[in-house]
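Undergrad: If it helps, the file is called input_34.txt and holds compact mmCIF, C-alpha atoms:
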```
# COMPACT_ATOMS: atom_id res chain seq x y z
CA MET A 4 86.66 114.66 72.03
CA ASP A 5 84.72 112.09 70.07
CA LEU A 6 82.14 110.08 71.87
CA PRO A 7 83.91 106.75 71.33
CA ASP A 8 86.99 108.45 72.87
CA ALA A 9 85.00 109.44 75.94
CA LEU A 10 83.80 105.86 76.27
CA ALA A 11 87.34 104.53 75.92
CA SER A 12 88.70 107.01 78.48
CA ALA A 13 85.99 106.13 80.97
CA GLY A 14 86.71 102.43 80.44
CA ALA A 15 90.44 102.98 80.96
CA GLY A 16 89.67 105.01 84.09
CA MET A 17 87.60 102.16 85.48
CA ARG A 18 90.43 99.74 84.76
CA VAL A 19 92.93 102.03 86.54
CA GLN A 20 90.73 102.25 89.63
CA THR A 21 90.37 98.46 89.65
CA THR A 22 94.15 98.03 89.68
CA ARG A 23 94.37 100.65 92.42
CA LEU A 24 91.86 98.72 94.52
CA ASP A 25 93.87 95.53 93.95
CA SER A 26 96.98 97.08 95.46
CA ILE A 27 95.02 98.74 98.29
CA ALA A 28 93.44 95.38 99.21
CA GLU A 29 96.89 93.79 99.04
CA ASN A 30 98.31 96.46 101.37
CA LEU A 31 95.42 96.18 103.83
CA ALA A 32 95.80 92.38 103.92
CA ASN A 33 99.49 92.84 104.75
CA ALA A 34 99.06 95.64 107.29
CA GLN A 35 100.60 93.37 109.93
CA THR A 36 103.20 91.50 107.87
CA PRO A 37 106.66 92.43 109.21
CA GLY A 38 109.02 93.86 106.60
CA TYR A 39 106.18 94.33 104.05
CA ARG A 40 106.60 97.30 101.74
CA ALA A 41 103.39 99.12 100.74
CA GLN A 42 102.57 99.13 97.03
CA ARG A 43 101.64 102.23 95.12
CA CYS A 44 100.00 102.61 91.73
CA ALA A 45 101.50 105.05 89.27
CA VAL A 46 99.44 106.13 86.27
CA ARG A 47 101.45 106.93 83.13
CA ASP A 48 100.67 108.30 79.67
CA PHE A 49 97.57 110.16 80.69
CA GLY A 50 95.09 110.27 77.82
CA ALA A 51 93.08 107.66 76.05
CA GLN A 52 95.94 105.19 76.54
CA MET A 53 96.45 104.98 80.27
CA ARG A 54 99.05 102.69 81.69
CA ILE A 55 99.25 101.75 85.32
CA GLU A 56 102.24 100.37 87.15
CA THR A 57 102.43 98.90 90.62
CA ILE A 58 105.63 99.74 92.49
CA SER A 59 106.83 98.92 95.97
CA THR A 60 107.61 101.92 98.13
CA ALA A 61 110.82 102.05 100.15
CA VAL A 62 109.36 103.54 103.33
CA GLN A 63 110.93 102.30 106.54
CA GLY A 64 108.32 100.53 108.67
CA PRO A 65 108.12 101.31 112.40
CA LEU A 66 110.29 99.21 114.73
CA ARG A 67 108.59 97.08 117.35
CA GLN A 68 110.41 95.56 120.32
CA THR A 69 109.67 91.85 120.65
CA GLY A 70 112.32 90.64 123.09
CA VAL A 71 112.96 87.60 120.87
CA PRO A 72 116.75 87.56 120.27
CA THR A 73 116.43 86.06 116.76
CA ASP A 74 114.06 88.81 115.58
CA LEU A 75 116.19 91.13 113.46
CA ALA A 76 115.08 94.52 112.13
CA LEU A 77 116.87 96.42 109.38
CA VAL A 78 117.19 100.18 109.81
CA GLY A 79 117.90 101.87 106.51
CA PRO A 80 117.85 100.51 102.96
CA GLY A 81 118.96 96.91 102.53
CA PHE A 82 117.87 93.29 102.51
CA PHE A 83 118.88 90.07 104.23
CA ALA A 84 120.22 87.47 101.79
CA VAL A 85 118.59 84.05 102.19
CA ALA A 86 119.10 80.75 100.35
CA GLY A 87 115.99 80.24 98.22
CA GLU A 88 115.03 77.20 96.19
CA HIS A 89 116.43 78.74 93.00
CA GLY A 90 119.41 80.71 94.30
CA VAL A 91 119.82 83.71 96.59
CA GLU A 92 116.67 85.59 97.56
CA TYR A 93 116.28 88.83 99.47
CA THR A 94 113.94 89.81 102.28
CA ARG A 95 113.42 92.51 104.89
CA ASP A 96 111.31 90.21 107.04
CA GLY A 97 113.56 89.66 110.06
CA ARG A 98 111.59 86.95 111.85
CA MET A 99 114.44 84.48 112.02
CA ALA A 100 114.57 81.33 114.13
CA LEU A 101 117.07 78.59 114.77
CA ASP A 102 116.34 75.11 113.54
CA GLY A 103 117.41 71.94 115.40
CA ASP A 104 120.97 72.16 113.99
CA GLY A 105 121.44 75.78 115.05
CA THR A 106 121.10 77.16 111.49
CA LEU A 107 119.36 80.52 111.33
CA ARG A 108 116.27 80.37 109.10
CA ASP A 109 113.70 82.96 108.07
CA VAL A 110 109.94 82.65 108.50
CA ARG A 111 109.65 80.70 105.21
CA GLY A 112 112.34 78.22 106.31
CA ARG A 113 115.08 79.58 104.04
CA ALA A 114 118.60 79.59 105.53
CA VAL A 115 119.93 83.08 106.28
CA LEU A 116 123.23 83.72 104.51
CA GLY A 117 126.39 85.12 106.07
CA SER A 118 129.85 85.65 104.69
CA LEU A 119 130.52 81.88 104.66
CA GLY A 120 127.13 80.51 103.54
CA PRO A 121 124.26 79.66 105.92
CA VAL A 122 124.60 81.32 109.33
CA ARG A 123 124.85 79.09 112.38
CA LEU A 124 124.25 80.70 115.74
CA PRO A 125 126.00 79.07 118.69
CA ARG A 126 124.28 79.29 122.08
CA GLY A 127 124.68 82.75 123.56
CA ALA A 128 125.64 84.40 120.26
CA LEU A 129 124.75 88.08 119.77
CA VAL A 130 124.08 89.97 116.55
CA HIS A 131 125.88 93.30 116.46
CA SER A 132 124.32 96.35 114.78
CA ASP A 133 126.66 96.09 111.75
CA GLY A 134 125.59 92.46 111.17
CA ARG A 135 128.60 90.82 112.76
CA ILE A 136 127.81 87.88 115.04
CA PHE A 137 129.77 87.61 118.24
CA CYS A 138 130.03 84.58 120.48
CA ARG A 139 131.93 84.99 123.75
CA GLY A 140 133.80 88.01 122.40
CA ALA A 141 134.91 86.41 119.12
CA ILE A 142 133.45 87.15 115.68
CA VAL A 143 131.90 83.98 114.25
CA ASP A 144 130.17 85.29 111.11
CA ARG A 145 128.66 88.34 109.48
CA LEU A 146 125.13 88.58 108.08
CA ARG A 147 124.99 89.32 104.36
CA ILE A 148 122.98 92.55 104.13
CA VAL A 149 122.81 93.92 100.61
CA GLU A 150 121.30 96.69 98.53
CA LEU A 151 119.83 95.88 95.12
CA ASP A 152 120.52 98.33 92.33
CA GLY A 153 118.98 96.80 89.22
CA ALA A 154 120.97 93.60 88.73
CA ALA A 155 123.91 94.81 90.84
CA VAL A 156 124.17 93.64 94.44
CA ARG A 157 126.33 95.53 96.88
CA ARG A 158 126.83 95.61 100.63
CA ALA A 159 124.29 97.89 102.31
CA GLY A 160 124.88 100.29 105.13
CA ALA A 161 121.68 99.30 106.95
CA SER A 162 122.11 98.55 110.63
CA VAL A 163 120.61 95.53 112.39
CA ARG A 164 118.60 95.67 115.61
CA ALA A 165 118.30 92.31 117.35
CA GLY A 166 115.16 91.83 119.45
CA TYR A 167 113.17 94.14 117.19
CA LEU A 168 110.97 93.67 114.12
CA GLU A 169 110.28 96.10 111.32
CA ASP A 170 106.51 96.29 111.14
CA SER A 171 104.61 96.56 107.89
CA GLY A 172 105.12 99.87 106.07
CA VAL A 173 101.36 100.12 105.41
CA ASP A 174 99.50 103.11 106.83
CA PRO A 175 95.92 101.77 107.31
CA ILE A 176 94.36 105.26 107.41
CA ALA A 177 95.98 106.27 104.12
CA GLU A 178 94.86 102.97 102.60
CA MET A 179 91.24 103.38 103.74
CA THR A 180 91.18 106.92 102.33
CA ALA A 181 92.60 105.65 99.05
CA LEU A 182 90.03 102.85 99.09
CA VAL A 183 87.13 105.29 99.30
CA ALA A 184 88.72 107.51 96.64
CA ALA A 185 89.24 104.56 94.28
CA GLN A 186 85.63 103.49 94.73
CA ARG A 187 84.28 106.99 94.03
CA CYS A 188 86.60 107.54 91.06
CA PHE A 189 85.37 104.24 89.66
CA GLU A 190 81.80 105.40 90.14
CA ALA A 191 82.52 108.72 88.40
CA ASN A 192 84.09 106.90 85.46
CA GLN A 193 81.14 104.55 85.34
CA LYS A 194 78.79 107.57 85.17
CA ALA A 195 80.88 109.08 82.38
CA ALA A 196 80.72 105.81 80.49
CA GLN A 197 76.96 105.68 80.96
CA GLN A 198 76.58 109.26 79.72
CA ALA A 199 78.75 108.60 76.69
CA ASP A 200 76.73 105.48 76.01
CA GLU A 201 73.50 107.43 76.34
CA ALA A 202 74.72 110.13 73.97
CA LEU A 203 75.84 107.52 71.45
CA LYS A 204 72.47 105.80 71.69
CA ARG A 205 70.68 109.05 70.91
CA ALA A 206 73.05 109.78 68.07
CA VAL A 207 72.36 106.35 66.64
CA THR A 208 68.59 106.14 67.19
CA GLU A 209 67.33 109.76 67.10
CA LEU A 210 69.57 111.65 64.65
CA PRO A 211 68.59 109.51 61.65
CA ALA A 212 64.95 110.27 62.49
CA VAL A 213 65.58 114.03 62.20
CA HIS A 214 67.17 113.77 58.76
CA SER A 215 64.53 111.51 57.22
CA MET B 17 88.91 93.03 90.44
CA ASN B 18 89.19 89.40 91.49
CA ARG B 19 92.57 90.03 93.07
CA ALA B 20 91.14 92.64 95.45
CA LEU B 21 88.45 90.16 96.48
CA VAL B 22 91.04 87.40 97.02
CA ALA B 23 93.43 89.68 98.93
CA GLY B 24 90.63 90.99 101.15
CA ALA B 25 89.35 87.50 101.91
CA SER B 26 92.85 86.19 102.67
CA GLY B 27 93.44 89.15 104.99
CA MET B 28 90.20 88.39 106.84
CA ALA B 29 91.18 84.72 107.21
CA ALA B 30 94.63 85.76 108.48
CA GLN B 31 93.13 88.03 111.13
CA GLN B 32 90.74 85.25 112.18
CA THR B 33 93.71 82.89 112.70
CA ALA B 34 95.58 85.60 114.62
CA LEU B 35 92.56 86.10 116.87
CA ASP B 36 92.45 82.33 117.54
CA VAL B 37 96.09 82.41 118.67
CA ILE B 38 95.50 85.42 120.94
CA ALA B 39 92.39 83.77 122.43
CA THR B 40 94.38 80.62 123.24
CA ASN B 41 97.03 82.77 124.94
CA LEU B 42 94.45 84.66 126.98
CA SER B 43 92.68 81.48 128.09
CA ASN B 44 96.02 80.24 129.51
CA VAL B 45 96.86 83.42 131.38
CA ASP B 46 96.71 81.57 134.73
CA THR B 47 98.44 78.36 133.60
CA PRO B 48 101.81 78.21 135.41
CA GLY B 49 104.76 78.22 133.01
CA PHE B 50 102.58 78.53 129.87
CA ARG B 51 104.49 79.92 126.87
CA ALA B 52 102.56 82.28 124.63
CA ASP B 53 102.28 81.87 120.87
CA ARG B 54 102.76 84.80 118.51
CA PRO B 55 100.74 84.84 115.30
CA GLU B 56 102.96 85.24 112.25
CA PHE B 57 101.70 87.01 109.14
CA ALA B 58 103.25 86.47 105.74
CA SER B 59 102.35 87.75 102.31
CA LEU B 60 101.05 85.13 99.91
CA ILE B 61 102.62 85.01 96.48
CA ASP B 62 101.37 82.58 93.85
CA ASP B 63 103.56 80.53 91.48
CA ALA B 64 103.50 83.28 88.85
CA GLY B 65 104.89 85.81 91.35
CA ARG B 66 101.59 87.68 91.75
CA ARG B 67 100.69 88.89 95.19
CA MET B 68 97.64 87.18 96.68
CA GLY B 69 97.13 88.83 100.05
CA ALA B 70 98.32 87.57 103.41
CA SER B 71 98.16 84.51 105.64
CA ALA B 72 98.69 83.80 109.32
CA THR B 73 99.18 80.08 109.34
CA ARG B 74 102.31 79.80 111.42
CA SER B 75 102.80 80.88 114.99
CA VAL B 76 105.96 81.02 117.06
CA ARG B 77 106.14 80.07 120.71
CA LEU B 78 107.84 82.77 122.73
CA PHE B 79 110.23 81.81 125.53
CA SER B 80 110.41 85.14 127.29
CA GLN B 81 110.31 85.29 131.09
CA GLY B 82 106.91 85.14 132.76
CA LYS B 83 106.05 87.01 135.94
CA ILE B 84 107.24 85.20 139.11
CA GLU B 85 104.85 85.08 142.04
CA THR B 86 105.84 84.16 145.58
CA THR B 87 103.83 81.35 147.16
CA SER B 88 103.92 79.51 150.49
CA ASN B 89 104.38 76.03 149.05
CA ASP B 90 107.88 74.54 149.58
CA PHE B 91 107.69 72.63 146.32
CA ASP B 92 106.69 75.51 144.05
CA LEU B 93 109.76 76.06 141.88
CA ALA B 94 110.39 78.73 139.28
CA ILE B 95 113.25 79.33 136.84
CA ARG B 96 114.41 82.90 136.37
CA GLY B 97 116.25 82.84 133.07
CA ASP B 98 116.85 80.13 130.50
CA GLY B 99 116.04 76.45 131.05
CA LEU B 100 113.28 73.86 131.27
CA PHE B 101 112.43 71.15 133.79
CA GLN B 102 112.62 67.60 132.44
CA VAL B 103 109.73 65.37 133.51
CA ARG B 104 108.71 61.78 132.88
CA THR B 105 105.01 61.44 132.08
CA THR B 106 102.75 58.70 133.45
CA THR B 107 103.25 56.82 130.16
CA GLY B 108 107.04 56.96 130.56
CA ALA B 109 107.75 59.57 127.89
CA ILE B 110 110.27 62.36 128.48
CA ALA B 111 108.82 65.87 128.32
CA TYR B 112 109.84 69.41 129.24
CA THR B 113 108.02 72.21 131.02
CA ARG B 114 108.43 75.59 132.72
CA ALA B 115 105.59 74.81 135.15
CA GLY B 116 106.93 74.35 138.67
CA ASN B 117 103.84 73.54 140.76
CA PHE B 118 105.23 70.26 142.11
CA THR B 119 104.06 68.08 145.01
CA PRO B 120 106.08 65.14 146.36
CA ASP B 121 104.52 61.68 145.95
CA ALA B 122 104.93 58.69 148.29
CA ALA B 123 108.14 57.57 146.51
CA GLY B 124 109.74 61.00 146.98
CA ARG B 125 109.38 62.11 143.36
CA LEU B 126 108.18 65.62 142.61
CA GLN B 127 104.98 65.47 140.60
CA LEU B 128 103.09 67.98 138.48
CA PRO B 129 99.27 68.05 138.76
CA ASN B 130 99.04 65.98 135.54
CA GLY B 131 101.10 63.14 137.10
CA ALA B 132 104.41 63.79 135.30
CA SER B 133 107.35 63.66 137.71
CA LEU B 134 110.70 65.45 137.73
CA THR B 135 113.58 63.28 136.48
CA ARG B 136 116.96 62.90 138.23
CA LEU B 137 115.60 63.82 141.65
CA ARG B 138 114.20 61.57 144.35
CA LEU B 139 113.87 62.70 147.93
CA PRO B 140 114.90 60.04 150.51
CA ALA B 141 112.19 58.65 152.81
CA GLY B 142 111.52 60.89 155.77
CA ALA B 143 113.07 63.99 154.23
CA LEU B 144 111.70 67.11 155.91
CA GLY B 145 112.18 70.82 155.44
CA CYS B 146 113.49 70.68 151.88
CA THR B 147 115.33 73.72 150.63
CA PHE B 148 116.22 74.34 146.99
CA ALA B 149 119.24 76.57 146.44
CA GLU B 150 119.59 78.90 143.43
CA ASP B 151 122.09 76.47 141.85
CA GLY B 152 119.63 73.56 142.18
CA ARG B 153 121.14 71.84 145.24
CA VAL B 154 118.44 70.25 147.42
CA ARG B 155 119.02 69.97 151.16
CA ALA B 156 116.76 68.35 153.77
CA HIS B 157 116.63 66.98 157.31
CA VAL B 158 116.72 63.21 156.87
CA GLY B 159 115.66 60.72 159.56
CA GLY B 160 115.05 63.36 162.20
CA SER B 161 118.64 64.69 162.18
CA GLN B 162 119.37 68.25 163.34
CA GLU B 163 121.68 68.99 160.42
CA THR B 164 120.50 69.25 156.82
CA ARG B 165 122.34 67.31 154.16
CA GLU B 166 122.39 67.44 150.39
CA VAL B 167 119.85 64.96 149.00
CA GLY B 168 120.10 65.74 145.30
CA ARG B 169 120.63 68.36 142.66
CA LEU B 170 118.16 69.60 140.11
CA ALA B 171 119.06 69.63 136.42
CA LEU B 172 117.80 71.99 133.74
CA TYR B 173 117.60 71.52 129.98
CA ALA B 174 117.73 73.91 127.05
CA PHE B 175 117.21 73.58 123.31
CA THR B 176 118.88 75.23 120.35
CA ASN B 177 115.43 76.07 119.00
CA PRO B 178 112.92 75.98 121.87
CA ALA B 179 110.23 77.32 119.51
CA GLY B 180 110.46 73.96 117.71
CA LEU B 181 109.22 72.02 120.76
CA ARG B 182 105.81 70.44 120.33
CA LEU B 183 103.12 71.41 122.83
CA ALA B 184 100.98 68.34 123.52
CA ASP B 185 97.46 68.34 124.96
CA ASP B 186 98.85 67.46 128.42
CA GLY B 187 100.42 70.94 128.49
CA LEU B 188 103.97 69.57 128.28
CA LEU B 189 106.59 70.27 125.62
CA TYR B 190 108.13 67.43 123.62
CA GLN B 191 111.40 67.23 121.70
CA THR B 192 111.14 67.27 117.87
CA ASN B 193 113.59 67.32 114.95
CA ALA B 194 113.07 71.07 114.73
CA SER B 195 113.97 71.70 118.37
CA GLY B 196 117.27 69.79 118.27
CA ALA B 197 118.66 67.63 121.07
CA PRO B 198 118.32 68.74 124.72
CA ILE B 199 121.31 70.50 126.29
CA TYR B 200 121.88 69.40 129.87
CA GLY B 201 122.97 71.83 132.54
CA ARG B 202 122.70 73.03 136.13
CA PRO B 203 120.88 76.15 137.32
CA LYS B 204 123.05 79.26 137.69
CA SER B 205 125.78 77.94 135.38
CA GLY B 206 126.51 77.76 131.65
CA GLY B 207 123.85 80.29 130.68
CA PHE B 208 121.04 78.61 132.62
CA GLY B 209 118.74 80.61 134.87
CA VAL B 210 118.56 80.46 138.65
CA LEU B 211 116.12 78.31 140.60
CA ARG B 212 113.66 79.97 142.97
CA GLN B 213 111.90 78.05 145.73
CA ARG B 214 108.38 79.03 146.91
CA CYS B 215 107.85 80.81 143.62
CA LEU B 216 105.66 80.09 140.60
CA GLU B 217 106.23 81.41 137.11
CA HIS B 218 103.07 82.61 135.44
CA ALA B 219 102.35 82.47 131.73
CA ASN B 220 104.50 84.93 129.75
CA ILE B 221 101.39 86.79 128.62
CA ASP B 222 100.72 90.46 129.13
CA VAL B 223 96.94 90.81 129.27
CA MET B 224 96.99 94.47 128.23
CA THR B 225 99.16 93.78 125.16
CA SER B 226 96.95 90.81 124.24
CA MET B 227 93.78 92.91 124.52
CA MET B 228 95.38 95.56 122.30
CA ALA B 229 96.20 92.81 119.80
CA VAL B 230 92.54 91.69 119.90
CA LEU B 231 91.41 95.23 119.06
CA ALA B 232 94.01 95.55 116.30
CA ALA B 233 92.96 92.19 114.80
CA GLN B 234 89.30 93.23 114.89
CA ARG B 235 89.96 96.54 113.13
CA ALA B 236 92.27 94.91 110.60
CA TYR B 237 89.52 92.37 109.90
CA GLU B 238 87.10 95.25 109.27
CA ALA B 239 89.57 96.99 106.96
CA ASN B 240 89.90 93.83 104.88
CA ALA B 241 86.11 93.43 104.84
CA LYS B 242 85.95 96.98 103.44
CA SER B 243 88.20 96.07 100.51
CA VAL B 244 85.95 93.08 99.79
CA GLN B 245 82.94 95.43 99.93
CA ALA B 246 84.62 97.98 97.65
CA ALA B 247 85.51 95.29 95.10
CA ASP B 248 81.92 94.04 95.24
CA GLU B 249 80.55 97.56 94.79
CA MET B 250 82.76 98.14 91.76
CA LEU B 251 81.61 94.87 90.22
CA ARG B 252 78.02 95.98 90.78
CA LEU B 253 78.65 99.33 89.09
CA ALA B 254 80.35 97.60 86.17
CA ASN B 255 77.32 95.33 85.81
CA ASN B 256 75.04 98.38 85.81
CA LEU B 257 76.82 99.98 82.85
CA GLU B 258 74.18 98.52 80.57
CA ARG B 259 70.91 99.93 81.85
```
Show the structure stored in the file as structure tokens.

TA:
Amino acid sequence: MDLPDALASAGAGMRVQTTRLDSIAENLANAQTPGYRAQRCAVRDFGAQMRIETISTAVQGPLRQTGVPTDLALVGPGFFAVAGEHGVEYTRDGRMALDGDGTLRDVRGRAVLGSLGPVRLPRGALVHSDGRIFCRGAIVDRLRIVELDGAAVRRAGASVRAGYLEDSGVDPIAEMTALVAAQRCFEANQKAAQQADEALKRAVTELPAVHS
Amino acid sequence: MNRALVAGASGMAAQQTALDVIATNLSNVDTPGFRADRPEFASLIDDAGRRMGASATRSVRLFSQGKIETTSNDFDLAIRGDGLFQVRTTTGAIAYTRAGNFTPDAAGRLQLPNGASLTRLRLPAGALGCTFAEDGRVRAHVGGSQETREVGRLALYAFTNPAGLRLADDGLLYQTNASGAPIYGRPKSGGFGVLRQRCLEHANIDVMTSMMAVLAAQRAYEANAKSVQAADEMLRLANNLER
């Protein structure tokens, strides 16, 4: 390997560890955000040209009982459909609440969508595990729970637990371990870069002296 | 590098806010009828769709049942189940509360310690030995009679979105656009809870759970501080490349 190559590799390694730290910090900050999916870094094209991608994992977060009837947890793959500013958006965060009109809204104030548009919960309504909403024995609506497969949207088989929340899928211990590893890897790369730099310096300043 | 610093700092701020909410809950553990707040975390995403850490700006008031304690005061009332008492404050405004530590005033109105009095109920002069039934009917001996007679009936109120009620500094809840209009009802009917006499409802706070949440917030704060430290350390190493 040429020295400039070593320098480039060490530089790329430092950049990779920086991106890793970014996603670790992001995960740690969201260790208590319900429905949050931990992010992982994947390094591709190992060599002088390293590429790093951040992907969301699909690990089910633990369920926590809250006793709040409008807290909804999804078990299994799937998302709630909500009415965003620019069309339909998807979330696993099940902290829903009723507004003054009785419309079900998520924690960001977006209306939760059912089979007939925004879901309205009458007093005493119950959400069944398949997403159907019952009021006094009659079905009033069904939550739109979907799976995303690229651009395709199809009905998901996830079940709904009312009175529960899906906690963040972040494992703090794994994140702290990764944090230390990222820091040390960065340090190792920094040392490699310093060594390569040192060797280059000698090559530039001392070798010409030998030949003259 | 900057993003890790930003995410770590936002996480620390979020945990600080969460701790504030828990501390407020804990300080009200002995306030009758107090409703606890739950800190809500959300991930922050900037306009370009990049993730920027977390925030805990919003909190949701929980309307779960608090523990009911038996007392010896005839005018201590508690609701087991759904519903709120409607009171008129000293300034004439209508407010709602779960606190039931009433005392009758000279005019026969039931007053809370802050001076707000229960609406729709006024005990006649000379009413003695008041009993409050589970369905809200109030009976008393009036004018020295042997028999008790019905002197009024208590009403309860509910809201479509009770979490939208505004908690004012007098400890009472006020109607807002977010809460919707009050729904009128009687205890023990139409989904409303039952009334309990000589009982007080405590705050719906579990001290153990709250203490656990304090510990969790503290550790989470530390974890976020570590990512700030790590980002700082990496910046230092990068600066030291040129010796």

Undergrad: Which of these, A:Gly103, A:Thr180, A:Phe137, A:Gly87, has the shortest distance to B:Ala174 once you count all atoms listed in the file?

TA: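 The shortest atom-to-atom distance to B:Ala174 comes from A:Gly103.
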
Undergrad: Distance cut-off 7 Å, counting all atoms listed in the file - which residues of chain B neighbour chain A? Return them as a PyMOL selection string.

TA: chain B and resi 17+19-20+23-24+26-27+57-59+69-70+176-177+193-196+239-240+243+246+250+253+257

Undergrad: Pick the closest to B:Phe91 from B:Leu172, B:Leu216, B:Ala179, B:Ala72: which is it, counting only C-alpha atoms?

TA: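 Ranking B:Leu172, B:Leu216, B:Ala179, B:Ala72 by distance to B:Phe91, first place goes to B:Leu216.
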
Undergrad: Using only C-alpha atoms, determine which residues lie at most 8 Å from B:Leu211, disregarding the query and same-chain residues fewer than 6 positions distant; provide the list as a PyMOL selection string.

TA: chain B and resi 93-96+148-152+203-204

Undergrad: Work out how far atom CA of A:Pro121 is from atom CA of A:Val62, in Å to one decimal.

TA: 28.3 Å

Undergrad: May I ask for the distance between atom CA of B:Gly82 and atom CA of B:Ile221, given in Å to one decimal place?

TA: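 Distance between the two atoms: 7.1 Å.
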
Undergrad: Skipping near chain neighbours, those fewer than 5 positions away, what residues fall within 6 Å of A:Tyr93 using all atoms listed in the file, listed as a ChimeraX atom specification?

TA: /A:82-85

Undergrad: Any chance you could export the current selection's C-alpha atoms as a tab-separated table (two decimals), in the frame of the given file?

TA:
```tsv
chain	number	residue	atom	x	y	z
A	82	PHE	CA	117.87	93.29	102.51
A	83	PHE	CA	118.88	90.07	104.23
A	84	ALA	CA	120.22	87.47	101.79
A	85	VAL	CA	118.59	84.05	102.19
```

Undergrad: Figure out the distance between atom CA of A:Gly97 and atom CA of A:Cys44, please, to one decimal in Å.

TA: 26.2 Å

Undergrad: Point out the residue among B:Ala39, B:Gln234, B:Leu251, B:Gly142 with the least atom-to-atom distance to B:Arg54, counting only C-alpha atoms.

TA: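 Of all the options, B:Ala39 lies closest to B:Arg54.
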
Undergrad: Set the distance at 12 Å and use all atoms listed in the file: which residues neighbour B:Gln102 once local chain neighbours fewer than 3 positions away are removed? I'd like the list as a PyMOL selection string.

TA: chain B and resi 99+105+109-116+126-128+132-137+170-175+188-191+198-201

Undergrad: Show me, as an NGL selection string, the residues that have an atom within 6 Å of stretch 45-47 of chain A when counting all atoms listed in the file, minus same-chain residues fewer than 4 positions from it.

TA: :A and (54-56)

Undergrad: Restore N, CA, C and O atoms in stretch 137-148 of chain A and list the result as a PDB file, in the frame of the given file.

TA:
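Written out: out21.pdb:
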```
ATOM      1  N   PHE A 137     128.757  87.868 117.232  1.00  0.00           N
ATOM      2  CA  PHE A 137     129.770  87.610 118.240  1.00  0.00           C
ATOM      3  C   PHE A 137     129.343  86.453 119.120  1.00  0.00           C
ATOM      4  O   PHE A 137     128.171  86.325 119.445  1.00  0.00           O
ATOM      5  N   CYS A 138     130.301  85.619 119.488  1.00  0.00           N
ATOM      6  CA  CYS A 138     130.030  84.580 120.480  1.00  0.00           C
ATOM      7  C   CYS A 138     131.188  84.584 121.455  1.00  0.00           C
ATOM      8  O   CYS A 138     132.330  84.345 121.059  1.00  0.00           O
ATOM      9  N   ARG A 139     130.918  84.884 122.679  1.00  0.00           N
ATOM     10  CA  ARG A 139     131.930  84.990 123.750  1.00  0.00           C
ATOM     11  C   ARG A 139     133.090  85.886 123.312  1.00  0.00           C
ATOM     12  O   ARG A 139     134.261  85.530 123.446  1.00  0.00           O
ATOM     13  N   GLY A 140     132.767  87.045 122.738  1.00  0.00           N
ATOM     14  CA  GLY A 140     133.800  88.010 122.400  1.00  0.00           C
ATOM     15  C   GLY A 140     134.469  87.806 121.061  1.00  0.00           C
ATOM     16  O   GLY A 140     135.199  88.667 120.585  1.00  0.00           O
ATOM     17  N   ALA A 141     134.257  86.659 120.414  1.00  0.00           N
ATOM     18  CA  ALA A 141     134.910  86.410 119.120  1.00  0.00           C
ATOM     19  C   ALA A 141     133.888  86.529 117.995  1.00  0.00           C
ATOM     20  O   ALA A 141     132.730  86.156 118.165  1.00  0.00           O
ATOM     21  N   ILE A 142     134.343  87.053 116.836  1.00  0.00           N
ATOM     22  CA  ILE A 142     133.450  87.150 115.680  1.00  0.00           C
ATOM     23  C   ILE A 142     133.318  85.763 115.053  1.00  0.00           C
ATOM     24  O   ILE A 142     134.330  85.105 114.785  1.00  0.00           O
ATOM     25  N   VAL A 143     132.078  85.292 114.861  1.00  0.00           N
ATOM     26  CA  VAL A 143     131.900  83.980 114.250  1.00  0.00           C
ATOM     27  C   VAL A 143     131.412  84.088 112.801  1.00  0.00           C
ATOM     28  O   VAL A 143     131.684  83.208 111.997  1.00  0.00           O
ATOM     29  N   ASP A 144     130.698  85.156 112.468  1.00  0.00           N
ATOM     30  CA  ASP A 144     130.170  85.290 111.110  1.00  0.00           C
ATOM     31  C   ASP A 144     129.662  86.714 110.938  1.00  0.00           C
ATOM     32  O   ASP A 144     129.672  87.498 111.888  1.00  0.00           O
ATOM     33  N   ARG A 145     129.258  87.034 109.716  1.00  0.00           N
ATOM     34  CA  ARG A 145     128.660  88.340 109.480  1.00  0.00           C
ATOM     35  C   ARG A 145     127.475  88.164 108.547  1.00  0.00           C
ATOM     36  O   ARG A 145     127.597  87.522 107.503  1.00  0.00           O
ATOM     37  N   LEU A 146     126.324  88.698 108.917  1.00  0.00           N
ATOM     38  CA  LEU A 146     125.130  88.580 108.080  1.00  0.00           C
ATOM     39  C   LEU A 146     125.356  89.296 106.757  1.00  0.00           C
ATOM     40  O   LEU A 146     125.992  90.353 106.719  1.00  0.00           O
ATOM     41  N   ARG A 147     124.865  88.690 105.664  1.00  0.00           N
ATOM     42  CA  ARG A 147     124.990  89.320 104.360  1.00  0.00           C
ATOM     43  C   ARG A 147     123.799  90.258 104.158  1.00  0.00           C
ATOM     44  O   ARG A 147     122.675  89.794 103.960  1.00  0.00           O
ATOM     45  N   ILE A 148     124.042  91.547 104.290  1.00  0.00           N
ATOM     46  CA  ILE A 148     122.980  92.550 104.130  1.00  0.00           C
ATOM     47  C   ILE A 148     123.335  93.369 102.897  1.00  0.00           C
ATOM     48  O   ILE A 148     124.412  93.962 102.839  1.00  0.00           O
TER      49      ILE A 148
END
```
